[in-house]
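Just query-v7.txt here, compact mmCIF, C-alpha atoms:
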# COMPACT_ATOMS: atom_id res chain seq x y z
CA MET G 7 -92.24 6.14 -64.98
CA LYS G 8 -92.16 6.60 -66.75
CA LYS G 9 -92.71 7.60 -68.08
CA THR G 10 -89.29 7.86 -70.26
CA ALA G 11 -90.06 9.09 -70.37
CA PRO G 12 -88.25 12.22 -70.99
CA SER G 13 -85.29 10.11 -70.22
CA SER G 14 -87.74 5.93 -69.17
CA ALA G 15 -88.39 3.31 -67.66
CA ALA G 16 -89.87 2.40 -67.42
CA ALA G 17 -94.49 -0.55 -67.95
CA MET G 18 -97.21 -2.77 -69.49
CA LEU G 19 -100.52 -3.65 -70.65
CA LEU G 20 -103.81 -4.54 -69.25
CA ILE G 21 -107.09 -2.91 -69.25
CA ALA G 22 -109.79 -5.21 -68.02
CA ALA G 23 -109.83 -7.04 -71.30
CA CYS G 24 -106.04 -6.86 -71.56
CA SER G 25 -105.10 -8.38 -68.21
CA VAL G 26 -102.02 -10.54 -67.77
CA SER G 27 -102.36 -13.05 -64.93
CA ALA G 28 -99.88 -12.57 -62.14
CA GLY G 29 -98.95 -16.19 -62.68
CA ALA G 30 -98.57 -16.00 -66.47
CA THR G 31 -95.84 -18.24 -67.87
CA THR G 32 -93.60 -17.89 -70.91
CA GLN G 33 -94.84 -21.06 -72.58
CA LYS G 34 -95.63 -20.73 -76.28
CA PRO G 35 -99.34 -19.86 -76.56
CA SER G 36 -101.80 -21.03 -79.13
CA LYS G 37 -101.71 -18.77 -82.17
CA PRO G 38 -103.00 -15.32 -81.15
CA SER G 39 -105.82 -13.80 -83.10
CA ALA G 40 -104.89 -11.27 -85.76
CA PRO G 41 -104.62 -7.72 -84.43
CA ALA G 42 -107.75 -5.63 -84.81
CA ALA G 43 -105.76 -3.21 -86.96
CA THR G 44 -105.25 -5.99 -89.49
CA ARG G 45 -108.88 -7.05 -89.46
CA ALA G 46 -110.09 -3.51 -90.04
CA ALA G 47 -107.41 -2.33 -92.45
CA ALA G 48 -109.49 -2.45 -95.64
CA GLY G 49 -112.44 -0.55 -94.20
CA ASN G 50 -110.23 2.06 -92.55
CA ALA G 51 -108.28 2.67 -95.77
CA ALA G 52 -111.51 3.43 -97.63
CA ALA G 53 -112.68 5.86 -94.95
CA THR G 54 -109.38 7.66 -94.38
CA PRO G 55 -108.54 10.52 -96.75
CA LYS G 56 -104.80 9.92 -96.38
CA ALA G 57 -103.64 6.36 -95.79
CA PRO G 58 -101.42 5.98 -92.72
CA VAL G 59 -97.80 5.00 -93.16
CA LEU G 60 -97.49 1.41 -91.96
CA TYR G 61 -94.33 -0.40 -90.92
CA ALA G 62 -95.15 -3.27 -93.29
CA SER G 63 -93.22 -1.23 -95.86
CA ARG G 64 -90.05 -1.22 -93.74
CA PRO G 65 -87.80 -4.27 -94.29
CA GLU G 66 -85.80 -3.61 -91.12
CA ALA G 67 -89.00 -3.61 -89.05
CA LEU G 68 -90.11 -6.94 -90.48
CA GLN G 69 -86.63 -8.39 -89.96
CA PHE G 70 -86.84 -7.27 -86.35
CA ALA G 71 -90.23 -9.01 -86.12
CA ASP G 72 -88.74 -12.26 -87.39
CA ASP G 73 -85.83 -12.05 -84.97
CA LEU G 74 -88.13 -11.20 -82.06
CA ALA G 75 -90.40 -14.15 -82.84
CA ALA G 76 -87.43 -16.50 -82.89
CA ARG G 77 -85.94 -15.12 -79.64
CA ARG G 78 -89.22 -15.24 -77.75
CA ASP G 79 -90.69 -18.37 -79.41
CA LEU G 80 -93.69 -16.39 -80.65
CA ASP G 81 -95.87 -16.95 -83.69
CA ARG G 82 -93.90 -15.38 -86.55
CA GLU G 83 -96.85 -14.29 -88.66
CA TRP G 84 -98.61 -12.72 -85.69
CA VAL G 85 -95.54 -10.67 -84.80
CA ARG G 86 -95.07 -9.60 -88.43
CA GLN G 87 -98.72 -8.57 -88.67
CA ALA G 88 -98.53 -6.60 -85.43
CA ILE G 89 -95.40 -4.66 -86.35
CA GLY G 90 -96.43 -4.37 -89.99
CA GLN G 91 -99.79 -2.80 -89.11
CA ALA G 92 -98.29 -0.31 -86.63
CA ARG G 93 -98.59 3.27 -87.83
CA PHE G 94 -95.80 5.80 -88.01
CA LEU G 95 -96.75 8.71 -85.73
CA SER G 96 -95.00 11.76 -87.14
CA GLN G 97 -95.49 13.88 -84.01
CA VAL G 98 -93.88 11.37 -81.65
CA PRO G 99 -90.21 11.77 -82.72
CA ARG G 100 -90.55 15.53 -82.37
CA LEU G 101 -91.87 15.14 -78.82
CA MET G 102 -88.76 13.17 -77.85
CA LEU G 103 -86.31 15.95 -78.71
CA PRO G 104 -84.82 17.89 -75.77
CA PRO G 105 -85.53 21.60 -75.42
CA ALA G 106 -83.55 23.90 -77.65
CA LYS G 107 -80.17 24.97 -76.30
CA GLY G 108 -80.38 28.15 -74.32
CA THR G 109 -83.84 27.36 -72.92
CA ALA G 110 -83.65 28.35 -69.27
CA LYS G 111 -84.91 25.82 -66.73
CA ASN G 112 -87.36 27.21 -64.23
CA TRP G 113 -88.30 25.22 -61.13
CA ARG G 114 -91.10 27.59 -60.13
CA ALA G 115 -92.72 27.32 -63.56
CA TYR G 116 -92.24 23.53 -63.59
CA ARG G 117 -93.72 23.24 -60.09
CA SER G 118 -96.80 25.23 -61.05
CA ARG G 119 -97.65 22.65 -63.74
CA PHE G 120 -98.06 19.92 -61.12
CA ILE G 121 -98.92 21.55 -57.81
CA ASP G 122 -102.24 23.27 -58.45
CA PRO G 123 -105.69 23.22 -56.79
CA ILE G 124 -107.22 20.81 -59.33
CA ARG G 125 -104.50 18.20 -58.90
CA ILE G 126 -104.44 18.61 -55.12
CA ARG G 127 -108.23 18.11 -54.86
CA ALA G 128 -108.00 15.04 -57.07
CA GLY G 129 -105.21 13.74 -54.85
CA VAL G 130 -107.28 14.17 -51.72
CA ARG G 131 -110.11 12.16 -53.31
CA PHE G 132 -107.70 9.47 -54.47
CA TRP G 133 -106.20 9.18 -50.99
CA GLN G 134 -109.62 8.97 -49.34
CA GLU G 135 -110.92 6.36 -51.78
CA ASN G 136 -107.78 4.21 -51.61
CA GLN G 137 -106.58 4.80 -48.07
CA ALA G 138 -106.46 1.12 -47.09
CA ALA G 139 -104.36 0.14 -50.14
CA LEU G 140 -102.04 3.13 -49.69
CA GLU G 141 -101.41 2.39 -46.03
CA ARG G 142 -100.86 -1.32 -46.72
CA ALA G 143 -98.34 -0.45 -49.45
CA GLU G 144 -96.47 1.78 -46.99
CA ARG G 145 -96.41 -1.00 -44.37
CA GLU G 146 -95.28 -3.71 -46.80
CA TYR G 147 -92.81 -1.74 -48.94
CA GLY G 148 -91.75 1.13 -46.71
CA VAL G 149 -92.66 3.79 -49.29
CA PRO G 150 -94.62 6.69 -47.73
CA VAL G 151 -98.18 7.28 -48.87
CA GLU G 152 -97.21 10.83 -49.86
CA ILE G 153 -94.65 9.57 -52.38
CA ILE G 154 -97.06 7.08 -53.99
CA VAL G 155 -99.78 9.73 -54.17
CA GLY G 156 -97.29 12.23 -55.58
CA ILE G 157 -96.16 9.86 -58.34
CA ILE G 158 -99.66 8.95 -59.53
CA GLY G 159 -100.72 12.59 -59.38
CA VAL G 160 -97.78 13.91 -61.38
CA GLU G 161 -98.01 11.09 -63.91
CA THR G 162 -101.74 10.96 -64.71
CA VAL G 163 -103.72 13.26 -62.36
CA TYR G 164 -104.89 10.07 -60.61
CA GLY G 165 -105.95 8.30 -63.78
CA GLN G 166 -107.56 11.26 -65.54
CA GLN G 167 -104.80 11.61 -68.17
CA MET G 168 -103.31 8.20 -69.01
CA GLY G 169 -102.60 9.00 -72.66
CA THR G 170 -104.43 8.55 -75.95
CA PHE G 171 -101.69 7.14 -78.20
CA ARG G 172 -101.93 3.54 -79.32
CA VAL G 173 -99.01 2.02 -77.44
CA MET G 174 -98.18 -0.26 -80.37
CA ASP G 175 -97.85 2.72 -82.71
CA ALA G 176 -95.82 4.81 -80.26
CA LEU G 177 -93.33 2.07 -79.42
CA THR G 178 -92.87 1.01 -83.04
CA THR G 179 -92.33 4.61 -84.15
CA LEU G 180 -89.67 5.14 -81.49
CA ALA G 181 -88.06 1.76 -82.17
CA PHE G 182 -87.50 2.53 -85.87
CA ASP G 183 -87.75 6.31 -86.21
CA PHE G 184 -86.26 7.75 -83.05
CA PRO G 185 -84.98 11.23 -83.96
CA ALA G 186 -81.35 11.15 -85.09
CA ALA G 187 -80.88 14.69 -83.76
CA HIS G 188 -81.26 13.45 -80.18
CA PRO G 189 -77.87 13.34 -78.38
CA ARG G 190 -78.52 9.75 -77.24
CA ALA G 191 -80.31 8.52 -80.34
CA ALA G 192 -78.58 5.13 -80.65
CA GLU G 193 -79.06 4.29 -76.97
CA ARG G 194 -82.70 5.36 -76.98
CA THR G 195 -83.45 3.44 -80.17
CA GLU G 196 -82.22 0.23 -78.53
CA PHE G 197 -84.23 1.03 -75.41
CA PHE G 198 -87.47 1.35 -77.37
CA ARG G 199 -86.79 -1.80 -79.36
CA ARG G 200 -86.47 -3.68 -76.07
CA GLU G 201 -89.71 -2.10 -74.84
CA LEU G 202 -91.50 -3.09 -78.05
CA GLU G 203 -90.27 -6.65 -77.59
CA GLN G 204 -91.54 -6.75 -74.00
CA PHE G 205 -94.89 -5.31 -75.06
CA LEU G 206 -95.46 -7.85 -77.83
CA SER G 207 -94.31 -10.73 -75.65
CA LEU G 208 -96.88 -9.86 -72.99
CA SER G 209 -99.60 -9.32 -75.59
CA SER G 210 -98.93 -12.71 -77.13
CA ARG G 211 -98.69 -14.47 -73.78
CA SER G 212 -102.06 -13.10 -72.67
CA GLY G 213 -103.76 -13.52 -76.06
CA THR G 214 -104.69 -9.84 -76.16
CA ASP G 215 -104.76 -7.36 -79.03
CA PRO G 216 -101.62 -5.17 -78.97
CA PHE G 217 -103.55 -2.35 -80.64
CA GLU G 218 -105.98 -1.96 -77.72
CA PRO G 219 -103.92 -0.28 -74.96
CA ARG G 220 -103.57 3.50 -75.00
CA GLY G 221 -100.79 5.41 -73.29
CA SER G 222 -98.28 8.21 -73.56
CA TYR G 223 -96.33 9.16 -76.68
CA ALA G 224 -93.42 7.17 -75.20
CA GLY G 225 -95.50 4.03 -74.66
CA ALA G 226 -96.04 4.35 -70.89
CA MET G 227 -99.30 2.95 -69.55
CA GLY G 228 -101.72 2.98 -66.66
CA LEU G 229 -102.21 5.17 -63.58
CA GLY G 230 -98.49 5.05 -62.82
CA GLN G 231 -97.34 5.19 -66.47
CA PHE G 232 -95.23 2.03 -66.48
CA MET G 233 -93.16 1.14 -69.52
CA PRO G 234 -93.51 -2.51 -70.63
CA SER G 235 -90.25 -3.61 -68.99
CA SER G 236 -91.30 -2.05 -65.69
CA TRP G 237 -94.67 -3.80 -65.97
CA VAL G 238 -92.85 -7.12 -66.35
CA ARG G 239 -90.50 -6.53 -63.41
CA TYR G 240 -92.56 -4.58 -60.89
CA ALA G 241 -96.32 -4.75 -61.59
CA ILE G 242 -98.18 -6.77 -58.96
CA ASP G 243 -101.71 -7.97 -58.23
CA PHE G 244 -102.18 -5.88 -55.10
CA ASP G 245 -105.97 -6.21 -54.92
CA GLY G 246 -105.79 -10.02 -55.06
CA ASP G 247 -108.26 -10.55 -57.91
CA GLY G 248 -105.89 -12.83 -59.82
CA ARG G 249 -104.80 -10.36 -62.50
CA ILE G 250 -102.66 -7.26 -62.85
CA ASP G 251 -104.53 -4.21 -64.11
CA LEU G 252 -102.70 -0.90 -63.87
CA PHE G 253 -105.39 0.90 -65.84
CA LYS G 254 -108.53 0.23 -63.81
CA SER G 255 -107.28 -1.06 -60.46
CA PRO G 256 -105.92 1.75 -58.27
CA SER G 257 -104.79 -0.88 -55.76
CA ASP G 258 -102.67 -2.66 -58.35
CA ALA G 259 -101.17 0.68 -59.41
CA ILE G 260 -100.44 1.66 -55.80
CA GLY G 261 -98.77 -1.63 -54.96
CA SER G 262 -96.81 -1.64 -58.20
CA VAL G 263 -95.45 1.88 -57.67
CA ALA G 264 -94.35 0.91 -54.16
CA ASN G 265 -92.76 -2.28 -55.49
CA TYR G 266 -90.95 -0.26 -58.17
CA PHE G 267 -89.37 1.96 -55.55
CA ARG G 268 -88.33 -0.95 -53.38
CA GLY G 269 -86.70 -2.45 -56.47
CA HIS G 270 -84.79 0.78 -56.99
CA GLY G 271 -83.31 1.01 -53.53
CA TRP G 272 -85.88 2.90 -51.47
CA THR G 273 -84.83 2.95 -47.78
CA PRO G 274 -87.79 3.06 -45.35
CA GLY G 275 -87.68 5.98 -42.95
CA MET G 276 -85.00 7.95 -44.80
CA PRO G 277 -85.87 11.57 -45.71
CA THR G 278 -85.70 12.54 -49.36
CA HIS G 279 -83.72 15.74 -48.86
CA PHE G 280 -82.51 18.35 -46.41
CA ALA G 281 -82.30 22.13 -46.44
CA VAL G 282 -78.91 23.60 -47.34
CA GLN G 283 -77.28 27.02 -47.25
CA PHE G 284 -73.86 28.17 -48.42
CA ASP G 285 -70.81 29.53 -46.66
CA PRO G 286 -69.37 31.82 -49.37
CA ALA G 287 -65.90 31.80 -47.79
CA ARG G 288 -65.36 28.07 -48.48
CA LEU G 289 -67.95 27.29 -51.14
CA GLN G 290 -66.73 24.90 -53.87
CA LEU G 291 -69.93 24.89 -55.92
CA ASP G 292 -68.50 23.30 -59.06
CA ASP G 293 -67.15 20.35 -57.08
CA LEU G 294 -70.46 19.91 -55.28
CA LEU G 295 -72.45 19.92 -58.52
CA ALA G 296 -70.08 17.69 -60.51
CA PRO G 297 -71.75 14.35 -59.58
CA ASP G 298 -75.15 15.81 -60.58
CA ILE G 299 -77.93 14.05 -58.64
CA LEU G 300 -75.92 10.96 -57.73
CA PRO G 301 -75.47 10.85 -53.92
CA THR G 302 -71.71 11.12 -53.44
CA PHE G 303 -70.83 13.30 -50.45
CA SER G 304 -70.97 12.62 -46.74
CA ALA G 305 -72.46 15.31 -44.54
CA ALA G 306 -68.96 16.23 -43.38
CA SER G 307 -67.51 16.46 -46.90
CA MET G 308 -70.44 18.58 -48.10
CA GLN G 309 -69.95 21.01 -45.27
CA ALA G 310 -66.20 21.11 -45.83
CA LYS G 311 -66.98 22.32 -49.37
CA GLY G 312 -69.20 25.10 -48.06
CA ALA G 313 -72.68 23.51 -48.15
CA VAL G 314 -74.11 24.10 -44.69
CA LEU G 315 -76.74 21.51 -43.80
CA ASP G 316 -79.59 21.84 -41.34
CA THR G 317 -79.42 19.88 -38.09
CA ALA G 318 -81.03 16.73 -39.48
CA GLY G 319 -78.89 16.84 -42.61
CA ALA G 320 -75.69 17.21 -40.64
CA GLN G 321 -76.57 14.02 -38.74
CA HIS G 322 -77.49 12.01 -41.84
CA ALA G 323 -75.26 8.93 -42.17
CA GLY G 324 -75.66 8.21 -45.89
CA PRO G 325 -74.33 9.90 -49.03
CA MET G 326 -76.00 12.99 -50.45
CA ALA G 327 -75.97 15.12 -53.58
CA LEU G 328 -76.26 18.86 -53.93
CA VAL G 329 -79.37 19.29 -56.08
CA GLU G 330 -79.66 22.51 -58.05
CA LEU G 331 -83.07 23.73 -59.22
CA GLN G 332 -82.71 26.65 -61.60
CA ASN G 333 -85.31 29.43 -61.52
CA GLY G 334 -84.97 31.09 -64.91
CA GLY G 335 -83.34 34.48 -64.44
CA ASN G 336 -83.58 34.30 -60.65
CA PRO G 337 -81.09 32.60 -58.31
CA PRO G 338 -81.33 28.79 -58.20
CA SER G 339 -82.75 26.81 -55.30
CA TYR G 340 -80.71 24.05 -53.65
CA VAL G 341 -81.38 21.01 -51.47
CA ALA G 342 -79.23 18.11 -50.28
CA GLY G 343 -80.76 15.01 -51.86
CA THR G 344 -80.45 11.60 -50.19
CA GLU G 345 -80.50 8.14 -51.73
CA ASN G 346 -84.30 8.22 -51.51
CA PHE G 347 -84.36 11.42 -53.58
CA TYR G 348 -82.22 9.58 -56.11
CA ALA G 349 -84.66 6.63 -56.04
CA ILE G 350 -87.47 8.95 -57.15
CA THR G 351 -85.38 10.04 -60.12
CA ARG G 352 -85.22 6.39 -61.25
CA TYR G 353 -88.88 6.90 -62.21
CA ASN G 354 -87.96 9.94 -64.29
CA TRP G 355 -84.37 11.16 -64.55
CA SER G 356 -85.01 14.68 -63.34
CA SER G 357 -84.48 16.47 -60.06
CA TYR G 358 -87.35 18.80 -60.99
CA TYR G 359 -89.64 15.79 -61.39
CA ALA G 360 -88.56 14.35 -58.04
CA MET G 361 -89.24 17.62 -56.22
CA ALA G 362 -92.64 17.94 -57.90
CA VAL G 363 -93.55 14.42 -56.70
CA ILE G 364 -92.42 15.20 -53.16
CA GLU G 365 -94.16 18.54 -52.95
CA LEU G 366 -97.42 17.37 -54.53
CA GLY G 367 -97.59 14.52 -52.01
CA ARG G 368 -97.01 16.95 -49.17
CA GLU G 369 -99.65 19.38 -50.43
CA VAL G 370 -102.21 16.61 -50.76
CA ALA G 371 -101.42 15.36 -47.25
CA ALA G 372 -101.75 18.89 -45.84
CA SER G 373 -105.08 19.40 -47.63
CA ARG G 374 -106.59 16.30 -46.06
Using structure tokens, write down the structure that the file contains.
Amino acid sequence: MKKTAPSSAAAMLLIAACSVSAGATTQKPSKPSAPAATRAAAGNAAATPKAPVLYASRPEALQFADDLAARRDLDREWVRQAIGQARFLSQVPRLMLPPAKGTAKNWRAYRSRFIDPIRIRAGVRFWQENQAALERAEREYGVPVEIIVGIIGVETVYGQQMGTFRVMDALTTLAFDFPAAHPRAAERTEFFRRELEQFLSLSSRSGTDPFEPRGSYAGAMGLGQFMPSSWVRYAIDFDGDGRIDLFKSPSDAIGSVANYFRGHGWTPGMPTHFAVQFDPARLQLDDLLAPDILPTFSAASMQAKGAVLDTAGAQHAGPMALVELQNGGNPPSYVAGTENFYAITRYNWSSYYAMAVIELGREVAASR
């Protein structure tokens, strides 16, 4: 969810040793142990040719730590140690920058990154091994198996690629060194500071080492790549073992993805999109594309503006958006996206991402 991901939500912590109980409270814990990074700092400095840049040298980071500790009633020295021992990751700010202007979007190229034989075969295995949990999630949350399978496949190839960045380092880097050249730099900086606060609060509450979890360069974690705030709001103990583990429990990841979608307005039984063609004589393309992917038009108003829907789309009662998928130098592709299509983009703000999720799920289902 993202990953922010390029644009995120976003998820939280817990490998077997980093599990937060589903019933964890916000009471002040006993003083957490010092982060492993602190304990090993001297030995690592001697072995590393070039010492890493630590946030202990940044007054604004330590002031943030003090403020966070006061807001969350956390141990002040533990928070200062955690943030102070986080490493600046020079490659991470660069990865957050949008593509250079003039870079043509290409749906076919984007699709080929996610719908390929390796990912489809992995999806078939994942579905077979977790069929009971997937079907229960669909019954309880109304989210189709194909969508859940598509999300986990696009995000991590079913757990094969969950990220290798220390989450603590990634979140701290983006909280204090988000690239100023980004068009939404101020907004994104505040977002990552909130995510860092959620991450440290959960680490402290569970008594775990914040330097243990690994994830994406944006700090997303687990099979479904939840950001810390999404972990807090939507992660659930779906396998009933008394803890939430989105790294090693596929059932927890499945249930949590379904719960995320229900929390973002998923409507059971509603299609994600419909086929659309154009009537050139009355086409008002600019008007149709103006709301972007936000469902705005009724079926009748879309057709009055020259977007001719298929039979099912013409009978759809809810709002829709005209979704444009550019194909490089070739003509774009278009679909009429429903509110469920929009719900998928709450995981990652991209119509290309949503279509990849939908089509991967369909390909996996067909291959079974």
For range 173-188 of chain G, work out the shell of residues within 10 Å, counting all atoms listed in the file and skipping chain neighbours fewer than 3 positions away, then give it as an mmCIF file with C-alpha atoms, in the coordinates of the input.
data_model
loop_
_atom_site.group_PDB
_atom_site.id
_atom_site.type_symbol
_atom_site.label_atom_id
_atom_site.label_comp_id
_atom_site.auth_asym_id
_atom_site.auth_seq_id
_atom_site.Cartn_x
_atom_site.Cartn_y
_atom_site.Cartn_z
ATOM 1 C CA MET G 18 -97.210 -2.770 -69.490
ATOM 2 C CA LEU G 19 -100.520 -3.650 -70.650
ATOM 3 C CA LEU G 60 -97.490 1.410 -91.960
ATOM 4 C CA TYR G 61 -94.330 -0.400 -90.920
ATOM 5 C CA ARG G 64 -90.050 -1.220 -93.740
ATOM 6 C CA GLU G 66 -85.800 -3.610 -91.120
ATOM 7 C CA ALA G 67 -89.000 -3.610 -89.050
ATOM 8 C CA PHE G 70 -86.840 -7.270 -86.350
ATOM 9 C CA ALA G 88 -98.530 -6.600 -85.430
ATOM 10 C CA ILE G 89 -95.400 -4.660 -86.350
ATOM 11 C CA GLY G 90 -96.430 -4.370 -89.990
ATOM 12 C CA GLN G 91 -99.790 -2.800 -89.110
ATOM 13 C CA ALA G 92 -98.290 -0.310 -86.630
ATOM 14 C CA ARG G 93 -98.590 3.270 -87.830
ATOM 15 C CA PHE G 94 -95.800 5.800 -88.010
ATOM 16 C CA LEU G 95 -96.750 8.710 -85.730
ATOM 17 C CA SER G 96 -95.000 11.760 -87.140
ATOM 18 C CA GLN G 97 -95.490 13.880 -84.010
ATOM 19 C CA VAL G 98 -93.880 11.370 -81.650
ATOM 20 C CA PRO G 99 -90.210 11.770 -82.720
ATOM 21 C CA ARG G 100 -90.550 15.530 -82.370
ATOM 22 C CA LEU G 101 -91.870 15.140 -78.820
ATOM 23 C CA MET G 102 -88.760 13.170 -77.850
ATOM 24 C CA LEU G 103 -86.310 15.950 -78.710
ATOM 25 C CA PRO G 104 -84.820 17.890 -75.770
ATOM 26 C CA GLY G 169 -102.600 9.000 -72.660
ATOM 27 C CA THR G 170 -104.430 8.550 -75.950
ATOM 28 C CA ALA G 191 -80.310 8.520 -80.340
ATOM 29 C CA ALA G 192 -78.580 5.130 -80.650
ATOM 30 C CA GLU G 193 -79.060 4.290 -76.970
ATOM 31 C CA ARG G 194 -82.700 5.360 -76.980
ATOM 32 C CA THR G 195 -83.450 3.440 -80.170
ATOM 33 C CA GLU G 196 -82.220 0.230 -78.530
ATOM 34 C CA PHE G 197 -84.230 1.030 -75.410
ATOM 35 C CA PHE G 198 -87.470 1.350 -77.370
ATOM 36 C CA ARG G 199 -86.790 -1.800 -79.360
ATOM 37 C CA ARG G 200 -86.470 -3.680 -76.070
ATOM 38 C CA GLU G 201 -89.710 -2.100 -74.840
ATOM 39 C CA LEU G 202 -91.500 -3.090 -78.050
ATOM 40 C CA GLU G 203 -90.270 -6.650 -77.590
ATOM 41 C CA PHE G 205 -94.890 -5.310 -75.060
ATOM 42 C CA LEU G 206 -95.460 -7.850 -77.830
ATOM 43 C CA ASP G 215 -104.760 -7.360 -79.030
ATOM 44 C CA PRO G 216 -101.620 -5.170 -78.970
ATOM 45 C CA PHE G 217 -103.550 -2.350 -80.640
ATOM 46 C CA GLU G 218 -105.980 -1.960 -77.720
ATOM 47 C CA PRO G 219 -103.920 -0.280 -74.960
ATOM 48 C CA ARG G 220 -103.570 3.500 -75.000
ATOM 49 C CA GLY G 221 -100.790 5.410 -73.290
ATOM 50 C CA SER G 222 -98.280 8.210 -73.560
ATOM 51 C CA TYR G 223 -96.330 9.160 -76.680
ATOM 52 C CA ALA G 224 -93.420 7.170 -75.200
ATOM 53 C CA GLY G 225 -95.500 4.030 -74.660
ATOM 54 C CA ALA G 226 -96.040 4.350 -70.890
ATOM 55 C CA MET G 227 -99.300 2.950 -69.550
ATOM 56 C CA MET G 233 -93.160 1.140 -69.520
ATOM 57 C CA PRO G 234 -93.510 -2.510 -70.630
#
If I wrap all listed atoms of range 208-222 of chain G in a box with edges along x, y and z and add 3 Å on each side, what are its centre and edge lengths in Å to one decimal, as AutoDock Vina command-line options?
--center_x -101.4 --center_y -3.1 --center_z -76.7 --size_x 15.1 --size_y 28.7 --size_z 14.0
Next item on the list: Mind giving me the straight-line distance from CA of Glu135 in chain G to CA of Tyr240 in chain G in Å, one decimal?
Entry: 23.2 Å
Report as JSON lines the residues of range 342-369 of chain G within 12 Å of range 138-154 of chain G, each with its shortest atom pair and distance in Å (one decimal), using only C-alpha atoms, ordered by chain and increasing residue number.
{"residue": "G:Asn346", "atom": "CA", "partner": "G:Val149", "partner_atom": "CA", "distance": 9.7}
{"residue": "G:Phe347", "atom": "CA", "partner": "G:Ile153", "partner_atom": "CA", "distance": 10.5}
{"residue": "G:Ala349", "atom": "CA", "partner": "G:Val149", "partner_atom": "CA", "distance": 10.8}
{"residue": "G:Ile350", "atom": "CA", "partner": "G:Ile153", "partner_atom": "CA", "distance": 8.6}
{"residue": "G:Tyr353", "atom": "CA", "partner": "G:Ile154", "partner_atom": "CA", "distance": 11.6}
{"residue": "G:Ala360", "atom": "CA", "partner": "G:Ile153", "partner_atom": "CA", "distance": 9.6}
{"residue": "G:Met361", "atom": "CA", "partner": "G:Ile153", "partner_atom": "CA", "distance": 10.4}
{"residue": "G:Ala362", "atom": "CA", "partner": "G:Ile153", "partner_atom": "CA", "distance": 10.2}
{"residue": "G:Val363", "atom": "CA", "partner": "G:Ile153", "partner_atom": "CA", "distance": 6.6}
{"residue": "G:Ile364", "atom": "CA", "partner": "G:Ile153", "partner_atom": "CA", "distance": 6.1}
{"residue": "G:Glu365", "atom": "CA", "partner": "G:Glu152", "partner_atom": "CA", "distance": 8.8}
{"residue": "G:Leu366", "atom": "CA", "partner": "G:Glu152", "partner_atom": "CA", "distance": 8.0}
{"residue": "G:Gly367", "atom": "CA", "partner": "G:Glu152", "partner_atom": "CA", "distance": 4.3}
{"residue": "G:Arg368", "atom": "CA", "partner": "G:Glu152", "partner_atom": "CA", "distance": 6.2}
{"residue": "G:Glu369", "atom": "CA", "partner": "G:Glu152", "partner_atom": "CA", "distance": 8.9}
Next item on the list: Give me, please, the distance in Å between CA of Trp272 in chain G and CA of Glu345 in chain G, quoted to one decimal.
Entry: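 Interatomic distance, CA of Trp272 in chain G to CA of Glu345 in chain G: 7.5 Å.
All polymer residues at most 8 Å from (-79.3, 6.3, -50.0), using only C-alpha atoms, appear as Gly271, Trp272, Thr273, Met276, Pro301, Gly324, Pro325, Met326, Thr344, Glu345, Asn346 and Tyr348 of chain G.
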